[in-house]
Amino acid sequence: MLRRSGQRPTRALIFRCVAVCPAGERATITVEEETGKIDLNTASPAALTRFFTALTGDQSRGTRIAAHVIEFRNPKAQATPATKPAEARFTTVMQLDQIDGMSPRLFRTALRHVTVRSGRPEPDMDAASPATLRLLNVQPKQTPGKRGLPGGGSITIRADISAADGTRFIREALVSLEGGNGRPFVIREWRRGDIDPSSARQEHPQGTARACLRVRDAAAS
């Protein structure tokens, strides 16, 4: 049986569908836009500092980590007159674990809020997930009308499967829409997902739910 949360989503939520199997397994599928995340390559120093300060709860530590991120993506030039320096940039969010001061726990917590594919100096708060908005202390907007999949850009599809015995399996796919060469999309990356305690209530809200057997109906919610 497929069910959709009866709670009205914010604009950021493109798609959420919950499947409950006869044996009690529960699958929650969500789709989020990358433009609502902190871009490790293009985020402004202020945005990075605000983000890592919110994650760590420590202004000094957040500022240091933000500076290390900027140093990683813009290394000092070591070029000769005949050559240009190779620019070291983030090609995947998994490289975040190479940053000084990034503990394993902080790394896992940050992953759901960062991207390398938005190209924005600041995240689009209208496209940010409820968990990201809460982290940045931004009140979500309730926009009227329906919202479907964007015509371009990149999205993350997250499948969160939990069994009756407590076993949990999470996978994420980073997908670029309009893949080129006649392809409607390209899967850029597969990742193991991690449990985000701060968004557990948002992902599994209580209350009435109704069927969403067709992706078209759920995507337009």
# chains A, B, ... in the order shown; residues from 1 in each chain; ligands from 1

call {"tool": "residues_around", "arguments": {"residues": "Asn41 in chain A", "least_positions_apart": "6", "cutoff": "8 Å", "atoms": "only C-alpha atoms", "output": "number ranges by chain"}}
result
A: 70, 73, 89-90, 116, 119

call {"tool": "residues_around", "arguments": {"residues": "Thr92 in chain A", "least_positions_apart": "5", "cutoff": "12 Å", "atoms": "only C-alpha atoms", "output": "number ranges by chain"}}
result
A: 39-41, 73, 97-98, 111, 114-117, 174, 188-191

call {"tool": "atom_distance", "arguments": {"atom1": "CA of Pro121 in chain A", "atom2": "CA of Thr42 in chain A"}}
result
5.2 Å

call {"tool": "select_by_dssp", "arguments": {"residues": "range 32-144 of chain A", "states": "strand (DSSP E or B)", "output": "list of chain:residue names"}}
result
A:Glu32, A:Glu33, A:Ile38, A:Asp39, A:Val114, A:Thr115

call {"tool": "atom_distance", "arguments": {"atom1": "CA of Ala46 in chain A", "atom2": "CA of Phe107 in chain A"}}
result
19.5 Å

call {"tool": "residues_around", "arguments": {"residues": "Val69 in chain A", "least_positions_apart": "3", "cutoff": "9 Å", "atoms": "only C-alpha atoms", "output": "list in words"}}
result
Leu40, Asn41, Leu48, Arg64, Ile65, Ala66, Phe72, Arg73, Asn74, Leu96, Ile99 and Asp100 of chain A

call {"tool": "residues_around", "arguments": {"residues": "Ser154 in chain A", "least_positions_apart": "3", "cutoff": "12 Å", "atoms": "only C-alpha atoms", "output": "ChimeraX atom specification"}}
result
/A:31-37,115-119,127,149-151,157,173-179,184-189

call {"tool": "atom_distance", "arguments": {"atom1": "CA of Gly24 in chain A", "atom2": "CA of Arg171 in chain A"}}
result
19.4 Å

call {"tool": "closest_residue", "arguments": {"among": "A:Ile170, A:Ala67, A:Leu106, A:Ile155", "to": "Leu55 in chain A", "atoms": "only C-alpha atoms"}}
result
A:Leu106

call {"tool": "select_by_dssp", "arguments": {"residues": "range 24-123 of chain A", "states": "helix (DSSP H, G or I)", "output": "VMD selection string"}}
result
chain A and resid 34 to 36 45 to 56 59 to 73 93 to 98 104 to 111

call {"tool": "write_last_selection", "arguments": {"atoms": "C-alpha atoms", "output": "PDB file, in the first residue's frame"}}
result
ATOM      1  CA  GLU A  34      20.007  20.800  -5.139  1.00  0.00           C
ATOM      2  CA  THR A  35      19.460  24.566  -5.386  1.00  0.00           C
ATOM      3  CA  GLY A  36      18.113  24.505  -1.829  1.00  0.00           C
ATOM      4  CA  PRO A  45      32.089  32.738   2.968  1.00  0.00           C
ATOM      5  CA  ALA A  46      29.162  34.152   4.952  1.00  0.00           C
ATOM      6  CA  ALA A  47      26.858  31.297   3.895  1.00  0.00           C
ATOM      7  CA  LEU A  48      29.482  28.666   4.726  1.00  0.00           C
ATOM      8  CA  THR A  49      30.213  30.228   8.107  1.00  0.00           C
ATOM      9  CA  ARG A  50      26.517  30.448   8.972  1.00  0.00           C
ATOM     10  CA  PHE A  51      25.982  26.837   7.939  1.00  0.00           C
ATOM     11  CA  PHE A  52      28.907  25.272   9.809  1.00  0.00           C
ATOM     12  CA  THR A  53      28.285  27.430  12.863  1.00  0.00           C
ATOM     13  CA  ALA A  54      24.709  26.132  12.948  1.00  0.00           C
ATOM     14  CA  LEU A  55      25.927  22.544  12.570  1.00  0.00           C
ATOM     15  CA  THR A  56      28.598  22.761  15.261  1.00  0.00           C
ATOM     16  CA  GLN A  59      31.009  30.270  15.981  1.00  0.00           C
ATOM     17  CA  SER A  60      34.784  29.864  16.144  1.00  0.00           C
ATOM     18  CA  ARG A  61      34.770  26.280  14.924  1.00  0.00           C
ATOM     19  CA  GLY A  62      32.220  27.045  12.206  1.00  0.00           C
ATOM     20  CA  THR A  63      34.359  29.924  10.921  1.00  0.00           C
ATOM     21  CA  ARG A  64      37.471  27.731  10.821  1.00  0.00           C
ATOM     22  CA  ILE A  65      35.746  24.937   8.903  1.00  0.00           C
ATOM     23  CA  ALA A  66      34.281  27.443   6.412  1.00  0.00           C
ATOM     24  CA  ALA A  67      37.790  28.832   5.826  1.00  0.00           C
ATOM     25  CA  HIS A  68      39.133  25.306   5.224  1.00  0.00           C
ATOM     26  CA  VAL A  69      36.366  24.662   2.672  1.00  0.00           C
ATOM     27  CA  ILE A  70      37.294  27.838   0.787  1.00  0.00           C
ATOM     28  CA  GLU A  71      40.981  26.903   0.918  1.00  0.00           C
ATOM     29  CA  PHE A  72      40.207  23.441  -0.482  1.00  0.00           C
ATOM     30  CA  ARG A  73      38.226  24.778  -3.431  1.00  0.00           C
ATOM     31  CA  VAL A  93      30.011  16.071  -1.411  1.00  0.00           C
ATOM     32  CA  MET A  94      31.889  13.014  -0.144  1.00  0.00           C
ATOM     33  CA  GLN A  95      35.111  15.064  -0.345  1.00  0.00           C
ATOM     34  CA  LEU A  96      33.854  17.081   2.604  1.00  0.00           C
ATOM     35  CA  ASP A  97      35.462  14.491   4.890  1.00  0.00           C
ATOM     36  CA  GLN A  98      38.884  15.763   3.728  1.00  0.00           C
ATOM     37  CA  PRO A 104      32.784  11.740  11.225  1.00  0.00           C
ATOM     38  CA  ARG A 105      29.584  12.783  12.987  1.00  0.00           C
ATOM     39  CA  LEU A 106      29.691  16.317  11.585  1.00  0.00           C
ATOM     40  CA  PHE A 107      30.406  14.949   8.117  1.00  0.00           C
ATOM     41  CA  ARG A 108      27.376  12.644   8.197  1.00  0.00           C
ATOM     42  CA  THR A 109      25.132  15.422   9.474  1.00  0.00           C
ATOM     43  CA  ALA A 110      26.300  17.888   6.812  1.00  0.00           C
ATOM     44  CA  LEU A 111      25.806  15.590   3.827  1.00  0.00           C
TER      45      LEU A 111
END

call {"tool": "closest_residue", "arguments": {"among": "A:Asn181, A:Ser129, A:Thr167, A:Gln139", "to": "Thr30 in chain A", "atoms": "only C-alpha atoms"}}
result
A:Ser129

call {"tool": "closest_residue", "arguments": {"among": "A:Arg112, A:Arg16, A:Arg26, A:Arg158", "to": "Leu135 in chain A", "atoms": "only C-alpha atoms"}}
result
A:Arg112

call {"tool": "decode", "arguments": {"residues": "range 175-186 of chain A", "atoms": "all heavy atoms", "output": "PDB file, in the first residue's frame"}}
result
ATOM      1  N   VAL A 175      20.799  13.082  -9.312  1.00  0.00           N
ATOM      2  CA  VAL A 175      20.335  12.983 -10.698  1.00  0.00           C
ATOM      3  C   VAL A 175      20.322  14.357 -11.348  1.00  0.00           C
ATOM      4  O   VAL A 175      19.786  15.320 -10.776  1.00  0.00           O
ATOM      5  CB  VAL A 175      18.915  12.377 -10.759  1.00  0.00           C
ATOM      6  CG1 VAL A 175      18.435  12.260 -12.211  1.00  0.00           C
ATOM      7  CG2 VAL A 175      18.893  11.010 -10.076  1.00  0.00           C
ATOM      8  N   SER A 176      20.932  14.465 -12.524  1.00  0.00           N
ATOM      9  CA  SER A 176      20.854  15.686 -13.329  1.00  0.00           C
ATOM     10  C   SER A 176      19.769  15.506 -14.375  1.00  0.00           C
ATOM     11  O   SER A 176      19.777  14.523 -15.128  1.00  0.00           O
ATOM     12  CB  SER A 176      22.196  15.980 -14.013  1.00  0.00           C
ATOM     13  OG  SER A 176      23.169  16.355 -13.068  1.00  0.00           O
ATOM     14  N   LEU A 177      18.834  16.428 -14.403  1.00  0.00           N
ATOM     15  CA  LEU A 177      17.776  16.386 -15.393  1.00  0.00           C
ATOM     16  C   LEU A 177      18.288  16.959 -16.717  1.00  0.00           C
ATOM     17  O   LEU A 177      19.231  17.742 -16.748  1.00  0.00           O
ATOM     18  CB  LEU A 177      16.561  17.174 -14.899  1.00  0.00           C
ATOM     19  CG  LEU A 177      16.033  16.728 -13.524  1.00  0.00           C
ATOM     20  CD1 LEU A 177      14.891  17.624 -13.081  1.00  0.00           C
ATOM     21  CD2 LEU A 177      15.611  15.276 -13.546  1.00  0.00           C
ATOM     22  N   GLU A 178      17.663  16.562 -17.810  1.00  0.00           N
ATOM     23  CA  GLU A 178      18.109  16.948 -19.147  1.00  0.00           C
ATOM     24  C   GLU A 178      19.566  16.542 -19.336  1.00  0.00           C
ATOM     25  O   GLU A 178      20.468  17.369 -19.427  1.00  0.00           O
ATOM     26  CB  GLU A 178      17.935  18.454 -19.377  1.00  0.00           C
ATOM     27  CG  GLU A 178      16.484  18.918 -19.341  1.00  0.00           C
ATOM     28  CD  GLU A 178      16.347  20.403 -19.616  1.00  0.00           C
ATOM     29  OE1 GLU A 178      17.359  21.119 -19.542  1.00  0.00           O
ATOM     30  OE2 GLU A 178      15.232  20.837 -19.907  1.00  0.00           O
ATOM     31  N   GLY A 179      19.804  15.243 -19.374  1.00  0.00           N
ATOM     32  CA  GLY A 179      21.157  14.709 -19.404  1.00  0.00           C
ATOM     33  C   GLY A 179      21.935  14.952 -20.680  1.00  0.00           C
ATOM     34  O   GLY A 179      23.137  14.751 -20.719  1.00  0.00           O
ATOM     35  N   GLY A 180      21.270  15.404 -21.754  1.00  0.00           N
ATOM     36  CA  GLY A 180      21.954  15.624 -23.018  1.00  0.00           C
ATOM     37  C   GLY A 180      21.989  14.358 -23.860  1.00  0.00           C
ATOM     38  O   GLY A 180      21.722  13.259 -23.389  1.00  0.00           O
ATOM     39  N   ASN A 181      22.311  14.513 -25.144  1.00  0.00           N
ATOM     40  CA  ASN A 181      22.356  13.388 -26.090  1.00  0.00           C
ATOM     41  C   ASN A 181      21.041  12.620 -26.106  1.00  0.00           C
ATOM     42  O   ASN A 181      21.020  11.398 -26.233  1.00  0.00           O
ATOM     43  CB  ASN A 181      23.515  12.432 -25.740  1.00  0.00           C
ATOM     44  CG  ASN A 181      24.868  13.102 -25.844  1.00  0.00           C
ATOM     45  OD1 ASN A 181      25.092  13.925 -26.731  1.00  0.00           O
ATOM     46  ND2 ASN A 181      25.770  12.769 -24.930  1.00  0.00           N
ATOM     47  N   GLY A 182      19.951  13.361 -25.969  1.00  0.00           N
ATOM     48  CA  GLY A 182      18.642  12.731 -26.023  1.00  0.00           C
ATOM     49  C   GLY A 182      18.213  12.035 -24.749  1.00  0.00           C
ATOM     50  O   GLY A 182      17.133  11.458 -24.692  1.00  0.00           O
ATOM     51  N   ARG A 183      19.032  12.094 -23.705  1.00  0.00           N
ATOM     52  CA  ARG A 183      18.683  11.437 -22.449  1.00  0.00           C
ATOM     53  C   ARG A 183      17.944  12.409 -21.538  1.00  0.00           C
ATOM     54  O   ARG A 183      18.380  13.547 -21.366  1.00  0.00           O
ATOM     55  CB  ARG A 183      19.941  10.928 -21.747  1.00  0.00           C
ATOM     56  CG  ARG A 183      20.667   9.822 -22.509  1.00  0.00           C
ATOM     57  CD  ARG A 183      21.923   9.384 -21.786  1.00  0.00           C
ATOM     58  NE  ARG A 183      22.901  10.464 -21.726  1.00  0.00           N
ATOM     59  CZ  ARG A 183      24.080  10.370 -21.108  1.00  0.00           C
ATOM     60  NH1 ARG A 183      24.401   9.239 -20.487  1.00  0.00           N
ATOM     61  NH2 ARG A 183      24.920  11.382 -21.094  1.00  0.00           N
ATOM     62  N   PRO A 184      16.834  11.980 -20.934  1.00  0.00           N
ATOM     63  CA  PRO A 184      16.070  12.885 -20.066  1.00  0.00           C
ATOM     64  C   PRO A 184      16.756  13.159 -18.729  1.00  0.00           C
ATOM     65  O   PRO A 184      16.461  14.154 -18.084  1.00  0.00           O
ATOM     66  CB  PRO A 184      14.747  12.145 -19.858  1.00  0.00           C
ATOM     67  CG  PRO A 184      15.104  10.698 -20.028  1.00  0.00           C
ATOM     68  CD  PRO A 184      16.176  10.672 -21.088  1.00  0.00           C
ATOM     69  N   PHE A 185      17.667  12.272 -18.309  1.00  0.00           N
ATOM     70  CA  PHE A 185      18.359  12.470 -17.038  1.00  0.00           C
ATOM     71  C   PHE A 185      19.647  11.655 -17.030  1.00  0.00           C
ATOM     72  O   PHE A 185      19.841  10.744 -17.839  1.00  0.00           O
ATOM     73  CB  PHE A 185      17.479  12.051 -15.852  1.00  0.00           C
ATOM     74  CG  PHE A 185      17.153  10.582 -15.824  1.00  0.00           C
ATOM     75  CD1 PHE A 185      17.993   9.675 -15.181  1.00  0.00           C
ATOM     76  CD2 PHE A 185      16.012  10.099 -16.453  1.00  0.00           C
ATOM     77  CE1 PHE A 185      17.704   8.320 -15.165  1.00  0.00           C
ATOM     78  CE2 PHE A 185      15.715   8.744 -16.442  1.00  0.00           C
ATOM     79  CZ  PHE A 185      16.562   7.857 -15.801  1.00  0.00           C
ATOM     80  N   VAL A 186      20.539  12.008 -16.096  1.00  0.00           N
ATOM     81  CA  VAL A 186      21.782  11.269 -15.888  1.00  0.00           C
ATOM     82  C   VAL A 186      21.960  11.074 -14.389  1.00  0.00           C
ATOM     83  O   VAL A 186      21.833  12.030 -13.620  1.00  0.00           O
ATOM     84  CB  VAL A 186      23.005  12.023 -16.449  1.00  0.00           C
ATOM     85  CG1 VAL A 186      24.299  11.329 -16.035  1.00  0.00           C
ATOM     86  CG2 VAL A 186      22.932  12.133 -17.959  1.00  0.00           C
TER      87      VAL A 186
END
